[in-house]
Every structure is written in C-alpha cells, then in structure tokens.
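Right, one structure below, let's go through it.
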Amino acid sequence: MGYLAAHGFQSELSYLVEEADDRYFYKPGNVLKKLGFVRRSFAKRRRMWHG
C-alpha cells in the first residue's frame with residue numbers, strides 16, 4: 001500500500017470474509033449462502049463508498 005499512498009491514493013484494509021462465513025465459504029456447495037455473502041459484500045462496500 002505504500003506505493004499507492006506515494007502516488008496519491010488512499011486505501012483502507014477491510015475484511016469481507018468473517019469467521020461465520022468460513023464454515024461454508026471455502027467448501028464446495030452452499031451456493032445460496034455464497035450468493036448471500038456476495039450480496040452482503042456489495043452492500044458493505046457500497047456503504048463505504050457512498051457513506
């Protein structure tokens with residue numbers, strides 16, 4: 001991130017995968033739960049970008 005900051009970019013580390021997601025995220029199947037994760041992730045980022 002130092003390179004980006006040196007060139008005028010601001011960045012922040014924010015995790016998308018939470019502990020509760022680990023139970024199904026990295027295993028085969030659970031498609032509906034994974035789609036829910038994607039939906040939550042977009043909503044989370046949208047709130048960060050648009051306040």
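Order determines the names: the first chain of the structure tokens is A, the second B, and so forth; residues in each chain are numbered 1 upward, and ligands are numbered 1 upward as they are shown.
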
### Query
What residues in chain A get the DSSP label helix (DSSP H, G or I)? Please answer as a PyMOL selection string.
chain A and resi 2-6+19-25+31-50

### Query
So which residues touch Ser41 in chain A within 9 Å, counting only C-alpha atoms, skipping near sequence neighbours fewer than 5 positions away, as a list in words?
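Once the nearby chain positions are removed, what remains is Leu16, Val17, Gly36 and Arg46 of chain A.
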
### Query
Of the candidates A:Leu32, A:His50, A:Lys44, A:Gly2, which shows the shortest atom-to-atom distance to Ser14 in chain A, using only C-alpha atoms?
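Residue with the minimum atom-to-atom distance to Ser14 in chain A: A:Lys44.
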
### Query
Expressed in Å to a single decimal, how great is the separation between CA of Glu19 in chain A and CA of Leu35 in chain A?
16.7 Å

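Atom pair CA of Phe42 in chain A / CA of Ala20 in chain A: separated by 17.5 Å.
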